[in-house]
Each structure stands twice: as structure tokens, then as C-alpha cells.
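All remarks here apply to the structure that follows.
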Amino acid sequence: MEPHRKIGGVTGSVAKDFPAQPDPGREVGARMHGRKLRHYSIIIVVTVGSALFLRTFVVEAFRIPTASMENTLRIGDHVLVNKVAYGARTPQRLPFTSAEIPFFRLPAIKRPARGDVVVFEFPGARDELLNPEEVNFVKRCVAVAGDTVQVLRSVLYVNGKAFPNRPGMIVPPEPTVPQGYRDQRMFPPGACYNKDHYGPVVVPGKGDTIYLAASALPRWLDFIKREGHDVAFDGAGSVLVDHRPTNEYIVQRDYIFVMGDNRDNSMDSRFWGFVPEENVIGEVTLVYWSRDPDATFWPLTERLRTIRWDRIFTFVH
């Protein structure tokens, strides 16, 4: 027979005869809490995934940091870049490193054309095989594969015709550097070119043949190496590509030639060469925000005056 004791003044059996009853309200609350966590987790994952997808394959925002495209694009402009136009691609490098990784590009609606304002991954300085970090530039595509580019007395010619100047371009009325002056910074190495008198040069395209005379090889040495090949001379002065003697090279990619709209304040293809089409990220379409970065940020009234209201939601041509 179970012993009895007084509990709260009432005679009854020991506590084990009265097991604790589950609290229905607490169980329901726990289940609701778990459902909310799953619900919000799904929302966060879908939102972040959608944003990454849109940023990678559809449209991305960029800020203009330099004056090389003025006045078409000004320092402090924030622009939207259409990635669908040329076929969006996955990253070519591991984030925060220079390590290249396999990538793929979606089908393109069109190819870069003369006059397009494009964002592209900078291929590197003239004498670099690979830019040490991933940097994006914005310039105007002035020529495509097969075109002949020439600058005479500061006037740009493509295939023998003057390139049309767009409203806002800052084009020098007269050359400031004489013809025949060799600017050592120009592309290709050794050419007697300068910013006001340049070329003619032909933009290479896939399948084009480059004849490799020993005297001309320095101009094409880094170009061929960037396409992934070894180039050298043998003891007899012959050119070796991938350790095989040859007098010609077949181009493996299509390229474009880019220049800034602010011609005298632009480091562009005149200085570091052609841009592979595969480096092109997208086409600049719209200025969605603009603010003078040098203006006073505070107080609020001054901050509002720095906004360039006339540039917001203007299309880029």
C-alpha cells in the first residue's frame, strides 16, 4: 500500500501518482515558431538567390569613378548594365583572387557593335599577360574585329570614315602632340604612335592570320601569350610558337577596340591594346542615380543640392 502524505494541507498519494500533463499551448507555440523559422529562411534564400541570379545574368549596377567618359558619363553617375545583350557569363576568377576558373556564357542577343558603351573586364596593361586583379572598365566600342582604326590630327577614323561624335563627347579641336612623336606608352610596343596620331591598326578576329616576321614579333608577342601560347626565338632567329617553328599565327578570339569619350583624358586601347569579346560584361543603358562626389555631404540641404536631378533616369547613347 502506497504511503500517504499531506500536500498543501490535503491528504493524498505521493507525487508520482500525479504525472505532469503536457501543455498543449506550449507544443503548438513551438511548432508555430519552427514553421516561422522555416518560412523566413526560405524567403531569405529565395531573395538572395534571386538577387545573385539577376546580378550575374541580367542586370548589374556600376558607379563611374573616372572622367574618361565625360560628358556621356560623369564621375558620380550610377548606371545599370544590361548583361543579357551580349550573353551573360559566370565569373572568370575566384572571388578576391586572380585564379582563373572555367566559365560559361549564355547565348547572346547581339555582339558588341561600333558605338556601344560597354563594361568589360580590363585585360591588363600593355606589357602584362594578365591583370593581377579583376577590374571593370567602361568605354565606348569604336571598332570590332576586321575594322581598321586610325587617328589623324585628333580625328578618329574607322575603315577610312570619321567616327561620329556623340553629344557630350569631349574631343580636342586640334592635336596637342605632333605627328611622328613616339609616345613610349602606346600599343603596340615600338610603334611610332601618339594619342593624336595613331595607327592604322587592324582589330584582329577569330581565324585571322598574323605573319610572324622576326622584326614584327615584338608587336604580337604578348598578344599571342595572352591567347595561351608560348612564343620564343630559336638560335637561328626563327619564331617558335608552342616550341614549333612557324611564320604565322591564327587568331583564336574576336576582339574590339575601345576609347573614352573624353579623348585627351582616357587610357584606352590606344595604350593597352585590344579587348577580347569574351571580356565584355554588358552594355551600359541607363543612369539611375547621379551625385557630385566632390560636393559637401552635410548638412542635408547641401547634400540635396549635390544630386544631379537632370541626369537621373537618362538613357546612355
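The chains in the C-alpha cells are called A, B, ... from first to last as shown; in each chain the residues are counted from 1, and the ligands are counted from 1 in the order shown.
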Residue neighbourhood A:Pro65, 10 Å, only C-alpha atoms, exclusion window fewer than 6 positions, as number ranges by chain: A: 73-78, 137-138, 293
Write out, as a PDB file, in the first residue's frame, the residues just selected, with C-alpha atoms.
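Saved file again_38.pdb follows:
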```pdb
ATOM      1  CA  LEU A  73      29.092  59.537 -68.195  1.00  0.00           C
ATOM      2  CA  ARG A  74      30.269  61.695 -65.313  1.00  0.00           C
ATOM      3  CA  ILE A  75      32.074  60.891 -62.096  1.00  0.00           C
ATOM      4  CA  GLY A  76      29.388  60.015 -59.567  1.00  0.00           C
ATOM      5  CA  ASP A  77      26.941  58.562 -62.098  1.00  0.00           C
ATOM      6  CA  HIS A  78      25.417  55.222 -61.122  1.00  0.00           C
ATOM      7  CA  PHE A 137      36.270  49.459 -67.102  1.00  0.00           C
ATOM      8  CA  VAL A 138      33.656  51.375 -69.093  1.00  0.00           C
ATOM      9  CA  PRO A 293      31.125  63.242 -55.341  1.00  0.00           C
TER      10      PRO A 293
END
```
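Take atom CA of A:Gly228 and atom CA of A:Pro132: the distance between them is 16.3 Å.
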Nearby residues (only C-alpha atoms) at most 10 Å from A:Ile170, same-chain spacing under 4 positions excluded, as a list in words: Ser68, Met69, Glu70, Asn71, Thr72, Asn165, Arg166, Gly260, Asp261, Asn262, Arg263, Asp264 and Asn265 of chain A
Residues as selected, C-alpha atoms, written as a CSV table (one decimal), in the first residue's frame, can you do that?
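The resulting again.csv:
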```csv
chain,number,residue,atom,x,y,z
A,68,SER,CA,37.4,59.2,-69.2
A,69,MET,CA,33.8,59.0,-70.5
A,70,GLU,CA,32.7,62.6,-69.8
A,71,ASN,CA,30.4,64.1,-70.5
A,72,THR,CA,28.5,61.0,-71.6
A,165,ASN,CA,30.9,62.2,-82.4
A,166,ARG,CA,28.0,61.8,-79.9
A,260,GLY,CA,36.9,57.0,-73.9
A,261,ASP,CA,34.6,59.8,-75.0
A,262,ASN,CA,36.9,62.2,-73.1
A,263,ARG,CA,39.7,61.6,-75.7
A,264,ASP,CA,42.5,63.5,-74.1
A,265,ASN,CA,41.8,62.1,-70.6
```
Within 10 Å of A:Phe223 using only C-alpha atoms, minus same-chain residues under 3 positions, as a ChimeraX atom specification: /A:126-129,188,217-220,226-229,251,273-274
Residue nearest A:Leu80 among A:Glu283, A:Asp292, A:Asp183, A:Asp254 (counting only C-alpha atoms): A:Glu283
DSSP-assigned alpha helix (DSSP H) members of stretch 199-256 of chain A, reported as a list in words: Leu217, Pro218, Arg219, Trp220, Leu221, Asp222, Phe223, Ile224, Lys225 and Arg226 of chain A
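The space between atom CA of A:Arg111 and atom CA of A:Asp230 spans 29.5 Å.
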Where does stretch 191-308 of chain A meet stretch 171-182 of chain A within 6 Å, residue by residue, with the nearest atom pair and distance in Å to one decimal for each, counting only C-alpha atoms, listed by chain and rising number, as CSV?
```
residue,atom,partner,partner_atom,distance
A:Cys192,CA,A:Arg182,CA,4.6
A:Tyr193,CA,A:Arg182,CA,5.3
A:Asn194,CA,A:Arg182,CA,6.0
A:Asp196,CA,A:Pro175,CA,5.6
A:His197,CA,A:Gln179,CA,5.7
A:Arg263,CA,A:Val171,CA,5.7
```
Expected file contents, prior selection, N, CA and C atoms, as a short mmCIF file (atom, residue, chain, number, x, y, z; two decimals), in the first residue's frame:
```
data_model
loop_
_atom_site.label_atom_id
_atom_site.label_comp_id
_atom_site.auth_asym_id
_atom_site.auth_seq_id
_atom_site.Cartn_x
_atom_site.Cartn_y
_atom_site.Cartn_z
N CYS A 192 55.43 54.01 -83.75
CA CYS A 192 55.66 55.45 -83.71
C CYS A 192 54.31 56.18 -83.67
N TYR A 193 53.55 55.95 -82.56
CA TYR A 193 52.21 56.49 -82.43
C TYR A 193 52.14 57.40 -81.20
N ASN A 194 51.12 58.24 -81.19
CA ASN A 194 50.76 59.01 -80.01
C ASN A 194 49.25 59.17 -79.99
N ASP A 196 47.23 61.56 -80.58
CA ASP A 196 46.62 62.37 -81.63
C ASP A 196 46.90 61.85 -83.03
N HIS A 197 47.90 60.99 -83.16
CA HIS A 197 48.26 60.38 -84.45
C HIS A 197 48.53 58.90 -84.18
N ARG A 263 38.52 62.16 -74.95
CA ARG A 263 39.65 61.58 -75.69
C ARG A 263 41.02 61.91 -75.11
#
```
Nearest residue to A:Glu278 from the set A:Lys161, A:Lys110, A:Lys206, A:Arg105 (distances using only C-alpha atoms): A:Arg105
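Interatomic distance, atom CA of A:Arg305 to atom CA of A:Val81: 26.5 Å.
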DSSP-assigned strand (DSSP E) members of stretch 108-295 of chain A, reported as a PyMOL selection string: chain A and resi 117-121+136-144+148-152+155-158+161-162+198-202+209-211+231-233+239-241+244-245+248-250+255-259+275-276+280-290
Save the residues we just selected, C-alpha atoms, as a PDB file, in the first residue's frame?
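Listing of part.pdb after writing:
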```
ATOM      1  CA  VAL A 117      29.090  51.913 -74.377  1.00  0.00           C
ATOM      2  CA  VAL A 118      30.346  48.726 -72.751  1.00  0.00           C
ATOM      3  CA  VAL A 119      31.589  47.479 -69.395  1.00  0.00           C
ATOM      4  CA  PHE A 120      34.396  44.937 -69.636  1.00  0.00           C
ATOM      5  CA  GLU A 121      36.976  43.195 -67.530  1.00  0.00           C
ATOM      6  CA  ASN A 136      35.966  46.531 -64.679  1.00  0.00           C
ATOM      7  CA  PHE A 137      36.270  49.459 -67.102  1.00  0.00           C
ATOM      8  CA  VAL A 138      33.656  51.375 -69.093  1.00  0.00           C
ATOM      9  CA  LYS A 139      34.494  52.722 -72.579  1.00  0.00           C
ATOM     10  CA  ARG A 140      32.889  53.116 -75.983  1.00  0.00           C
ATOM     11  CA  CYS A 141      33.403  50.365 -78.549  1.00  0.00           C
ATOM     12  CA  VAL A 142      34.656  52.174 -81.656  1.00  0.00           C
ATOM     13  CA  ALA A 143      35.732  49.194 -83.775  1.00  0.00           C
ATOM     14  CA  VAL A 144      35.144  45.447 -83.997  1.00  0.00           C
ATOM     15  CA  THR A 148      40.898  49.437 -89.322  1.00  0.00           C
ATOM     16  CA  VAL A 149      41.395  52.133 -86.690  1.00  0.00           C
ATOM     17  CA  GLN A 150      43.343  55.328 -87.257  1.00  0.00           C
ATOM     18  CA  VAL A 151      43.606  58.710 -85.510  1.00  0.00           C
ATOM     19  CA  LEU A 152      44.772  61.639 -87.641  1.00  0.00           C
ATOM     20  CA  VAL A 155      40.121  62.774 -85.509  1.00  0.00           C
ATOM     21  CA  LEU A 156      39.158  59.107 -85.171  1.00  0.00           C
ATOM     22  CA  TYR A 157      38.657  57.158 -88.403  1.00  0.00           C
ATOM     23  CA  VAL A 158      37.250  53.640 -88.660  1.00  0.00           C
ATOM     24  CA  LYS A 161      35.419  57.152 -92.307  1.00  0.00           C
ATOM     25  CA  ALA A 162      35.316  59.683 -89.476  1.00  0.00           C
ATOM     26  CA  TYR A 198      47.626  56.681 -84.087  1.00  0.00           C
ATOM     27  CA  GLY A 199      47.603  53.696 -86.421  1.00  0.00           C
ATOM     28  CA  PRO A 200      46.436  52.415 -88.713  1.00  0.00           C
ATOM     29  CA  VAL A 201      45.868  49.146 -86.848  1.00  0.00           C
ATOM     30  CA  VAL A 202      43.543  46.294 -87.780  1.00  0.00           C
ATOM     31  CA  THR A 209      46.355  35.165 -89.881  1.00  0.00           C
ATOM     32  CA  ILE A 210      49.227  37.136 -88.347  1.00  0.00           C
ATOM     33  CA  TYR A 211      52.514  36.802 -90.208  1.00  0.00           C
ATOM     34  CA  VAL A 231      56.450  32.259 -78.090  1.00  0.00           C
ATOM     35  CA  ALA A 232      60.220  32.347 -78.478  1.00  0.00           C
ATOM     36  CA  PHE A 233      63.128  32.597 -80.920  1.00  0.00           C
ATOM     37  CA  VAL A 239      59.918  32.131 -84.430  1.00  0.00           C
ATOM     38  CA  LEU A 240      58.683  29.269 -82.245  1.00  0.00           C
ATOM     39  CA  VAL A 241      55.052  29.063 -81.169  1.00  0.00           C
ATOM     40  CA  ARG A 244      57.261  24.646 -83.174  1.00  0.00           C
ATOM     41  CA  PRO A 245      58.841  26.823 -85.876  1.00  0.00           C
ATOM     42  CA  GLU A 248      52.268  32.699 -88.987  1.00  0.00           C
ATOM     43  CA  TYR A 249      49.742  32.612 -86.174  1.00  0.00           C
ATOM     44  CA  ILE A 250      45.968  32.033 -86.395  1.00  0.00           C
ATOM     45  CA  TYR A 255      38.423  41.490 -80.289  1.00  0.00           C
ATOM     46  CA  ILE A 256      37.114  45.038 -80.053  1.00  0.00           C
ATOM     47  CA  PHE A 257      38.851  48.441 -79.868  1.00  0.00           C
ATOM     48  CA  VAL A 258      37.601  50.821 -77.177  1.00  0.00           C
ATOM     49  CA  MET A 259      38.151  54.517 -76.469  1.00  0.00           C
ATOM     50  CA  VAL A 275      39.774  43.776 -75.622  1.00  0.00           C
ATOM     51  CA  PRO A 276      38.647  40.155 -76.137  1.00  0.00           C
ATOM     52  CA  VAL A 280      32.765  42.211 -72.292  1.00  0.00           C
ATOM     53  CA  ILE A 281      30.298  42.102 -69.400  1.00  0.00           C
ATOM     54  CA  GLY A 282      27.415  44.152 -70.730  1.00  0.00           C
ATOM     55  CA  GLU A 283      26.054  47.319 -72.311  1.00  0.00           C
ATOM     56  CA  VAL A 284      25.516  50.496 -70.297  1.00  0.00           C
ATOM     57  CA  THR A 285      21.881  51.503 -70.748  1.00  0.00           C
ATOM     58  CA  LEU A 286      20.702  53.902 -68.041  1.00  0.00           C
ATOM     59  CA  VAL A 287      21.899  56.425 -65.459  1.00  0.00           C
ATOM     60  CA  TYR A 288      19.627  55.700 -62.491  1.00  0.00           C
ATOM     61  CA  TRP A 289      21.343  57.982 -59.942  1.00  0.00           C
ATOM     62  CA  SER A 290      23.899  60.763 -60.056  1.00  0.00           C
TER      63      SER A 290
END
```
